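Raw contents of structure.txt, compact mmCIF, N, CA, C and O atoms:
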```txt
# COMPACT_ATOMS: atom_id res chain seq x y z
N MET A 1 79.30 97.01 81.57
CA MET A 1 79.86 98.28 81.97
C MET A 1 80.41 98.24 83.39
O MET A 1 81.47 98.77 83.63
N ALA A 2 79.70 97.61 84.31
CA ALA A 2 80.16 97.55 85.69
C ALA A 2 81.46 96.75 85.78
O ALA A 2 82.35 97.10 86.55
N GLN A 3 81.57 95.68 84.96
CA GLN A 3 82.80 94.89 84.96
C GLN A 3 83.96 95.70 84.40
O GLN A 3 85.09 95.59 84.87
N ASP A 4 83.70 96.52 83.38
CA ASP A 4 84.75 97.36 82.82
C ASP A 4 85.25 98.37 83.85
O ASP A 4 86.44 98.60 83.97
N ARG A 5 84.33 98.93 84.60
CA ARG A 5 84.71 99.89 85.65
C ARG A 5 85.50 99.20 86.75
O ARG A 5 86.51 99.72 87.22
N ALA A 6 85.07 98.00 87.13
CA ALA A 6 85.78 97.24 88.17
C ALA A 6 87.18 96.86 87.69
O ALA A 6 88.14 96.92 88.46
N PHE A 7 87.30 96.48 86.42
CA PHE A 7 88.61 96.15 85.87
C PHE A 7 89.52 97.38 85.89
O PHE A 7 90.68 97.30 86.29
N ALA A 8 88.99 98.52 85.47
CA ALA A 8 89.77 99.76 85.49
C ALA A 8 90.19 100.09 86.92
O ALA A 8 91.32 100.55 87.15
N ASP A 9 89.32 99.86 87.88
CA ASP A 9 89.66 100.11 89.29
C ASP A 9 90.78 99.18 89.75
O ASP A 9 91.67 99.59 90.49
N ALA A 10 90.74 97.92 89.31
CA ALA A 10 91.78 96.96 89.68
C ALA A 10 93.14 97.39 89.13
O ALA A 10 94.15 97.38 89.84
N VAL A 11 93.17 97.79 87.88
CA VAL A 11 94.42 98.25 87.26
C VAL A 11 94.91 99.52 87.94
O VAL A 11 96.10 99.66 88.23
N ARG A 12 94.01 100.43 88.24
CA ARG A 12 94.38 101.68 88.91
C ARG A 12 94.96 101.38 90.30
O ARG A 12 95.93 102.02 90.72
N TYR A 13 94.39 100.41 91.00
CA TYR A 13 94.91 100.01 92.31
C TYR A 13 96.38 99.59 92.18
O TYR A 13 97.23 100.03 92.94
N VAL A 14 96.67 98.71 91.21
CA VAL A 14 98.04 98.24 91.03
C VAL A 14 98.95 99.41 90.66
O VAL A 14 100.03 99.59 91.24
N HIS A 15 98.52 100.22 89.71
CA HIS A 15 99.33 101.37 89.28
C HIS A 15 99.62 102.31 90.45
O HIS A 15 100.76 102.73 90.65
N ASP A 16 98.61 102.63 91.23
CA ASP A 16 98.79 103.54 92.36
C ASP A 16 99.75 102.96 93.40
O ASP A 16 100.58 103.67 93.96
N LYS A 17 99.63 101.66 93.66
CA LYS A 17 100.51 101.03 94.65
C LYS A 17 101.95 101.03 94.16
O LYS A 17 102.87 101.32 94.92
N VAL A 18 102.16 100.72 92.89
CA VAL A 18 103.52 100.71 92.35
C VAL A 18 104.09 102.13 92.34
O VAL A 18 105.23 102.35 92.75
N THR A 19 103.30 103.08 91.91
CA THR A 19 103.77 104.46 91.84
C THR A 19 104.20 104.97 93.21
O THR A 19 105.19 105.70 93.32
N ALA A 20 103.49 104.56 94.26
CA ALA A 20 103.81 105.02 95.62
C ALA A 20 105.19 104.54 96.08
O ALA A 20 105.82 105.19 96.90
N CYS A 21 105.67 103.43 95.57
CA CYS A 21 106.98 102.95 96.02
C CYS A 21 108.01 102.95 94.89
O CYS A 21 109.06 102.32 95.01
N TRP A 22 107.75 103.67 93.84
CA TRP A 22 108.67 103.78 92.72
C TRP A 22 109.68 104.88 93.00
O TRP A 22 109.30 106.04 93.22
N ASN A 23 110.94 104.55 93.01
CA ASN A 23 112.02 105.53 93.16
C ASN A 23 112.47 105.94 91.77
O ASN A 23 113.32 105.29 91.16
N VAL A 24 111.91 107.03 91.29
CA VAL A 24 112.20 107.51 89.94
C VAL A 24 113.62 108.08 89.92
O VAL A 24 113.94 108.97 90.70
N PRO A 25 114.48 107.58 89.03
CA PRO A 25 115.81 108.17 88.94
C PRO A 25 115.71 109.59 88.39
O PRO A 25 115.05 109.81 87.38
N PRO A 26 116.31 110.55 89.07
CA PRO A 26 116.18 111.94 88.62
C PRO A 26 116.76 112.13 87.22
O PRO A 26 117.89 111.69 86.95
N ALA A 27 115.98 112.75 86.38
CA ALA A 27 116.40 113.09 85.01
C ALA A 27 117.04 111.92 84.27
O ALA A 27 117.96 112.10 83.50
N ALA A 28 116.53 110.72 84.52
CA ALA A 28 117.07 109.54 83.84
C ALA A 28 116.77 109.60 82.35
O ALA A 28 117.58 109.20 81.52
N ALA A 29 115.61 110.10 82.02
CA ALA A 29 115.17 110.15 80.64
C ALA A 29 114.50 111.51 80.41
O ALA A 29 114.15 112.20 81.36
N PRO A 30 114.30 111.89 79.17
CA PRO A 30 113.62 113.15 78.90
C PRO A 30 112.23 113.16 79.55
O PRO A 30 111.55 112.13 79.60
N ALA A 31 111.84 114.33 80.06
CA ALA A 31 110.52 114.48 80.68
C ALA A 31 109.44 113.96 79.74
O ALA A 31 109.49 114.20 78.54
N GLY A 32 108.51 113.22 80.31
CA GLY A 32 107.40 112.69 79.53
C GLY A 32 107.67 111.34 78.89
O GLY A 32 106.77 110.74 78.30
N THR A 33 108.91 110.84 78.98
CA THR A 33 109.22 109.53 78.42
C THR A 33 108.37 108.48 79.13
O THR A 33 108.23 108.49 80.34
N ILE A 34 107.80 107.57 78.35
CA ILE A 34 106.95 106.52 78.90
C ILE A 34 107.59 105.17 78.63
O ILE A 34 108.04 104.90 77.52
N VAL A 35 107.63 104.35 79.67
CA VAL A 35 108.04 102.95 79.51
C VAL A 35 106.86 102.08 79.94
O VAL A 35 106.10 102.45 80.83
N ARG A 36 106.72 100.94 79.27
CA ARG A 36 105.63 100.04 79.57
C ARG A 36 106.19 98.75 80.15
O ARG A 36 107.16 98.21 79.64
N ILE A 37 105.54 98.30 81.22
CA ILE A 37 105.95 97.07 81.90
C ILE A 37 104.76 96.11 81.91
O ILE A 37 103.66 96.49 82.29
N ARG A 38 105.00 94.88 81.47
CA ARG A 38 103.96 93.84 81.52
C ARG A 38 104.24 92.95 82.72
O ARG A 38 105.37 92.50 82.92
N LEU A 39 103.21 92.74 83.54
CA LEU A 39 103.37 91.84 84.67
C LEU A 39 102.24 90.84 84.68
O LEU A 39 101.15 91.11 84.20
N GLU A 40 102.56 89.67 85.20
CA GLU A 40 101.56 88.61 85.38
C GLU A 40 101.38 88.39 86.87
O GLU A 40 102.35 88.43 87.63
N LEU A 41 100.13 88.18 87.25
CA LEU A 41 99.77 88.06 88.66
C LEU A 41 99.04 86.76 88.93
O LEU A 41 98.32 86.25 88.07
N ASP A 42 99.24 86.24 90.15
CA ASP A 42 98.44 85.09 90.55
C ASP A 42 97.15 85.60 91.22
O ASP A 42 96.97 86.80 91.39
N ARG A 43 96.28 84.70 91.58
CA ARG A 43 94.98 85.09 92.15
C ARG A 43 95.09 85.87 93.46
O ARG A 43 94.20 86.62 93.82
N ASP A 44 96.21 85.71 94.17
CA ASP A 44 96.42 86.43 95.43
C ASP A 44 97.10 87.77 95.25
O ASP A 44 97.42 88.44 96.22
N GLY A 45 97.38 88.15 94.00
CA GLY A 45 98.03 89.43 93.73
C GLY A 45 99.54 89.37 93.73
O GLY A 45 100.20 90.41 93.67
N GLY A 46 100.11 88.18 93.79
CA GLY A 46 101.56 88.04 93.71
C GLY A 46 102.02 88.09 92.27
O GLY A 46 101.30 87.69 91.36
N VAL A 47 103.22 88.61 92.06
CA VAL A 47 103.79 88.67 90.71
C VAL A 47 104.37 87.29 90.38
O VAL A 47 105.11 86.73 91.17
N THR A 48 103.99 86.77 89.24
CA THR A 48 104.54 85.49 88.78
C THR A 48 105.56 85.79 87.69
O THR A 48 105.29 86.55 86.77
N GLY A 49 106.72 85.21 87.81
CA GLY A 49 107.76 85.47 86.82
C GLY A 49 108.33 86.87 86.96
O GLY A 49 108.10 87.55 87.96
N GLU A 50 109.06 87.28 85.96
CA GLU A 50 109.69 88.60 85.95
C GLU A 50 108.84 89.58 85.14
O GLU A 50 108.40 89.25 84.05
N PRO A 51 108.63 90.78 85.67
CA PRO A 51 107.97 91.81 84.87
C PRO A 51 108.82 92.09 83.63
O PRO A 51 110.06 92.06 83.70
N ILE A 52 108.18 92.34 82.53
CA ILE A 52 108.88 92.52 81.25
C ILE A 52 108.74 93.96 80.77
O ILE A 52 107.64 94.50 80.72
N VAL A 53 109.87 94.55 80.42
CA VAL A 53 109.88 95.89 79.83
C VAL A 53 109.53 95.71 78.36
O VAL A 53 110.22 94.98 77.63
N LEU A 54 108.47 96.37 77.91
CA LEU A 54 108.07 96.33 76.51
C LEU A 54 108.80 97.44 75.76
O LEU A 54 109.22 98.42 76.37
N ASP A 55 108.91 97.33 74.47
CA ASP A 55 109.58 98.37 73.68
C ASP A 55 110.96 98.66 74.25
O ASP A 55 111.22 99.74 74.78
N GLN A 56 111.85 97.71 74.20
CA GLN A 56 113.17 97.82 74.81
C GLN A 56 113.82 99.18 74.52
O GLN A 56 113.96 99.58 73.37
N PRO A 57 114.19 99.89 75.59
CA PRO A 57 114.77 101.22 75.43
C PRO A 57 116.18 101.16 74.84
O PRO A 57 116.94 100.24 75.13
N LEU A 58 116.49 102.14 74.01
CA LEU A 58 117.80 102.19 73.39
C LEU A 58 118.77 103.07 74.17
O LEU A 58 119.95 102.80 74.23
N ALA A 59 118.28 104.15 74.75
CA ALA A 59 119.14 105.09 75.46
C ALA A 59 119.34 104.64 76.90
O ALA A 59 118.43 104.08 77.53
N LEU A 60 120.52 104.89 77.44
CA LEU A 60 120.86 104.47 78.79
C LEU A 60 119.90 105.05 79.83
O LEU A 60 119.44 104.36 80.73
N GLY A 61 119.57 106.33 79.72
CA GLY A 61 118.66 106.96 80.68
C GLY A 61 117.29 106.31 80.68
O GLY A 61 116.69 106.09 81.73
N ILE A 62 116.80 105.98 79.51
CA ILE A 62 115.49 105.34 79.41
C ILE A 62 115.57 103.93 79.99
O ILE A 62 114.65 103.47 80.66
N ALA A 63 116.68 103.26 79.77
CA ALA A 63 116.87 101.93 80.35
C ALA A 63 116.87 102.00 81.87
O ALA A 63 116.30 101.13 82.53
N ARG A 64 117.49 103.04 82.45
CA ARG A 64 117.48 103.19 83.92
C ARG A 64 116.05 103.44 84.41
O ARG A 64 115.65 102.92 85.45
N LEU A 65 115.30 104.25 83.68
CA LEU A 65 113.91 104.52 84.05
C LEU A 65 113.11 103.21 84.01
O LEU A 65 112.36 102.90 84.95
N ALA A 66 113.28 102.44 82.95
CA ALA A 66 112.56 101.17 82.80
C ALA A 66 112.93 100.20 83.91
O ALA A 66 112.06 99.54 84.49
N GLU A 67 114.21 100.10 84.23
CA GLU A 67 114.64 99.17 85.28
C GLU A 67 114.10 99.58 86.64
O GLU A 67 113.70 98.74 87.44
N SER A 68 114.06 100.87 86.92
CA SER A 68 113.52 101.33 88.20
C SER A 68 112.03 101.00 88.30
O SER A 68 111.55 100.61 89.36
N ALA A 69 111.31 101.12 87.20
CA ALA A 69 109.88 100.77 87.19
C ALA A 69 109.69 99.26 87.38
O ALA A 69 108.83 98.83 88.14
N ARG A 70 110.52 98.48 86.71
CA ARG A 70 110.43 97.01 86.84
C ARG A 70 110.70 96.58 88.28
O ARG A 70 109.99 95.76 88.84
N ARG A 71 111.70 97.18 88.92
CA ARG A 71 112.00 96.85 90.32
C ARG A 71 110.86 97.25 91.23
O ARG A 71 110.55 96.55 92.20
N ALA A 72 110.21 98.38 90.94
CA ALA A 72 109.08 98.83 91.78
C ALA A 72 107.93 97.83 91.72
O ALA A 72 107.29 97.57 92.74
N VAL A 73 107.67 97.27 90.56
CA VAL A 73 106.61 96.27 90.43
C VAL A 73 106.88 95.09 91.36
O VAL A 73 105.99 94.61 92.06
N ILE A 74 108.13 94.65 91.40
CA ILE A 74 108.50 93.51 92.25
C ILE A 74 108.45 93.91 93.73
O ILE A 74 107.91 93.18 94.56
N ARG A 75 109.03 95.06 94.06
CA ARG A 75 109.12 95.51 95.45
C ARG A 75 107.75 95.74 96.08
O ARG A 75 107.55 95.48 97.25
N CYS A 76 106.79 96.20 95.30
CA CYS A 76 105.48 96.56 95.84
C CYS A 76 104.54 95.37 96.01
O CYS A 76 103.49 95.49 96.63
N ALA A 77 104.89 94.25 95.41
CA ALA A 77 104.04 93.06 95.51
C ALA A 77 104.06 92.52 96.93
O ALA A 77 105.01 92.74 97.67
N PRO A 78 103.03 91.82 97.35
CA PRO A 78 101.86 91.42 96.58
C PRO A 78 100.81 92.54 96.53
O PRO A 78 100.78 93.42 97.37
N TYR A 79 99.97 92.43 95.53
CA TYR A 79 98.87 93.38 95.33
C TYR A 79 97.60 92.73 95.85
O TYR A 79 96.69 92.38 95.11
N ASP A 80 97.57 92.57 97.18
CA ASP A 80 96.48 91.82 97.81
C ASP A 80 95.12 92.50 97.69
O ASP A 80 94.10 91.86 97.85
N GLY A 81 95.10 93.78 97.37
CA GLY A 81 93.82 94.47 97.16
C GLY A 81 93.08 93.96 95.94
O GLY A 81 91.89 94.22 95.77
N LEU A 82 93.77 93.21 95.09
CA LEU A 82 93.12 92.63 93.91
C LEU A 82 92.15 91.52 94.27
O LEU A 82 91.29 91.17 93.47
N LYS A 83 92.27 90.97 95.47
CA LYS A 83 91.38 89.88 95.86
C LYS A 83 89.91 90.29 95.77
O LYS A 83 89.06 89.47 95.45
N ARG A 84 89.62 91.57 96.01
CA ARG A 84 88.22 92.01 95.93
C ARG A 84 87.70 91.97 94.50
O ARG A 84 86.50 92.08 94.26
N TYR A 85 88.61 91.85 93.53
CA TYR A 85 88.22 91.76 92.12
C TYR A 85 88.43 90.34 91.58
O TYR A 85 88.66 90.14 90.40
N GLY A 86 88.37 89.37 92.48
CA GLY A 86 88.65 87.98 92.13
C GLY A 86 87.88 87.45 90.95
O GLY A 86 88.40 86.68 90.15
N ALA A 87 86.63 87.86 90.81
CA ALA A 87 85.81 87.36 89.69
C ALA A 87 86.37 87.82 88.34
O ALA A 87 86.10 87.20 87.32
N LEU A 88 87.18 88.87 88.35
CA LEU A 88 87.75 89.40 87.12
C LEU A 88 89.18 88.94 86.89
O LEU A 88 89.88 89.46 86.02
N TYR A 89 89.62 87.95 87.64
CA TYR A 89 91.00 87.49 87.54
C TYR A 89 91.45 87.22 86.10
O TYR A 89 92.56 87.63 85.71
N PRO A 90 90.65 86.58 85.26
CA PRO A 90 91.12 86.36 83.89
C PRO A 90 91.49 87.66 83.16
O PRO A 90 92.34 87.65 82.28
N ARG A 91 90.88 88.76 83.55
CA ARG A 91 91.18 90.05 82.90
C ARG A 91 92.41 90.72 83.50
O ARG A 91 93.16 91.38 82.78
N TRP A 92 92.63 90.61 84.82
CA TRP A 92 93.76 91.29 85.43
C TRP A 92 94.95 90.38 85.69
O TRP A 92 95.96 90.79 86.24
N ARG A 93 94.87 89.15 85.22
CA ARG A 93 95.99 88.21 85.38
C ARG A 93 97.25 88.76 84.72
O ARG A 93 98.36 88.56 85.20
N GLU A 94 97.07 89.47 83.63
CA GLU A 94 98.19 90.13 82.95
C GLU A 94 97.83 91.60 82.78
O GLU A 94 96.76 91.93 82.27
N ILE A 95 98.72 92.47 83.25
CA ILE A 95 98.49 93.91 83.20
C ILE A 95 99.70 94.58 82.56
O ILE A 95 100.84 94.17 82.80
N ILE A 96 99.45 95.60 81.79
CA ILE A 96 100.52 96.44 81.26
C ILE A 96 100.37 97.81 81.90
O ILE A 96 99.30 98.43 81.83
N LEU A 97 101.44 98.25 82.57
CA LEU A 97 101.44 99.55 83.23
C LEU A 97 102.36 100.50 82.48
O LEU A 97 103.41 100.11 81.99
N ASN A 98 101.95 101.77 82.44
CA ASN A 98 102.77 102.82 81.85
C ASN A 98 103.43 103.62 82.96
O ASN A 98 102.76 104.00 83.93
N PHE A 99 104.73 103.87 82.83
CA PHE A 99 105.47 104.69 83.77
C PHE A 99 106.04 105.88 83.00
O PHE A 99 106.65 105.70 81.97
N ARG A 100 105.84 107.06 83.56
CA ARG A 100 106.22 108.29 82.85
C ARG A 100 107.28 109.04 83.65
O ARG A 100 107.13 109.26 84.84
N GLN A 101 108.36 109.41 82.95
CA GLN A 101 109.38 110.26 83.59
C GLN A 101 108.74 111.60 83.90
O GLN A 101 108.19 112.24 83.02
N PRO A 102 108.75 111.99 85.18
CA PRO A 102 108.13 113.28 85.55
C PRO A 102 108.81 114.46 84.86
O PRO A 102 109.97 114.39 84.49
N ASP A 103 108.06 115.55 84.77
CA ASP A 103 108.60 116.79 84.20
C ASP A 103 109.57 117.44 85.15
O ASP A 103 109.53 117.27 86.32
```

Show me the file's structure as structure tokens.
Amino acid sequence: MAQDRAFADAVRYVHDKVTACWNVPPAAAPAGTIVRIRLELDRDGGVTGEPIVLDQPLALGIARLAESARRAVIRCAPYDGLKRYGALYPRWREIILNFRQPD
């Protein structure tokens, strides 16, 4: 249970850091639209490779929302706060984040 809580804290840390520097395109997609981004991290919290947009968007607005989220993942790196969760690296090495178009 403690490891599950620590893992959730690690993911929340990454999500909060990305959200803080995410420039959401205004009205790019319908309110509430969610895009998912998969990222891989090294032990120091650096992003390895390119973040991948899951469920490829069909509409242009959703594609803009997805691309802005993908860029935020790269721009906000490294996620050096993950070092405190080093023992859980096998679990947070790959993370999927949800990004939601605000209302």

Handout entry: Ref. answer, residues at most 7 Å from (100.8, 104.9, 78.6) with all atoms listed in the file, as a list in words
Key =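 Here the neighbourhood of the point contains Ile34, Val35, Arg36, Leu97, Asn98 and Phe99 of chain A.
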
Completion exercise
Students should find that CA of Ile52 in chain A and atom N of Ala69 in chain A are spaced 10.7 Å

Handout entry: Test item, strand (DSSP E) assignment across range 9-88 of chain A, answer as a list in words
Key =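 Output for range 9-88 of chain A, strand (DSSP E) only: Ile34, Val35, Arg36, Ile37, Arg38, Leu39, Glu40, Leu41, Val47, Thr48, Gly49, Glu50, Pro51, Ile52, Val53 and Leu54 of chain A.
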
Practice task
Find the distance between atom O of Asp80 in chain A and atom O of Leu65 in chain A and write it in Å to one decimal.
Solution key: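 So the answer is 24.9 Å.
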
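Residue nearest Ala20 in chain A within the list A:Arg84, A:Tyr89, A:Ala72, A:Gly49: A:Ala72 [criterion: smallest interatomic distance, only C-alpha atoms].
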
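Distance annotation: of A:Arg43, A:Glu50, A:Gln3, A:Ala10, the residue with the minimal separation from Arg70 in chain A is A:Glu50; atom set is all atoms listed in the file.
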
Practice task
Could you check how far atom C of Ala66 in chain A sits from atom C of Trp22 in chain A, in Å to one decimal?
Solution key: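 Answer for the atom C of Ala66 in chain A to atom C of Trp22 in chain A separation: 10.7 Å.
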
Handout entry: Residues flagged alpha helix (DSSP H) by DSSP in range 52-87 of chain A, as a list in words
Key =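 Filtering range 52-87 of chain A to alpha helix (DSSP H) leaves Leu60, Gly61, Ile62, Ala63, Arg64, Leu65, Ala66, Glu67, Ser68, Ala69, Arg70, Arg71, Ala72, Val73, Ile74, Arg75 and Cys76 of chain A.
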
Exercise for the section: Counting only N, CA, C and O atoms, figure out which residue out of A:Ile95, A:Pro90, A:Pro25, A:Asp103 gets nearest to Ile37 in chain A. Expected result: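 Ranking A:Ile95, A:Pro90, A:Pro25, A:Asp103 by distance to Ile37 in chain A, first place goes to A:Ile95.
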
Problem - Of the listed residues A:Leu60, A:Leu88, A:Ala31, A:Leu82, that which approaches Arg12 in chain A most closely, counting only C-alpha atoms - result: A:Leu82

Practice task
Compare A:Tyr79, A:Val11, A:Ala2, A:Asp16 by their minimum atom-to-atom distance to Gly46 in chain A, counting all atoms listed in the file, and give me the closest one.
Solution key: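 Looking only at the distances to Gly46 in chain A, the closest residue turns out to be A:Tyr79.
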
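Residue nearest Ala77 in chain A, chosen from A:Leu41, A:Met1, A:Val24, A:Ala6 and counting only C-alpha atoms: A:Leu41.
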
Problem - For Gly81 in chain A: contacts at 9 Å, only C-alpha atoms, fewer than 4 positions along chain excluded, given as a list in words - result: Ala10, Tyr13, Val14, Asp44, Gly45 and Tyr85 of chain A
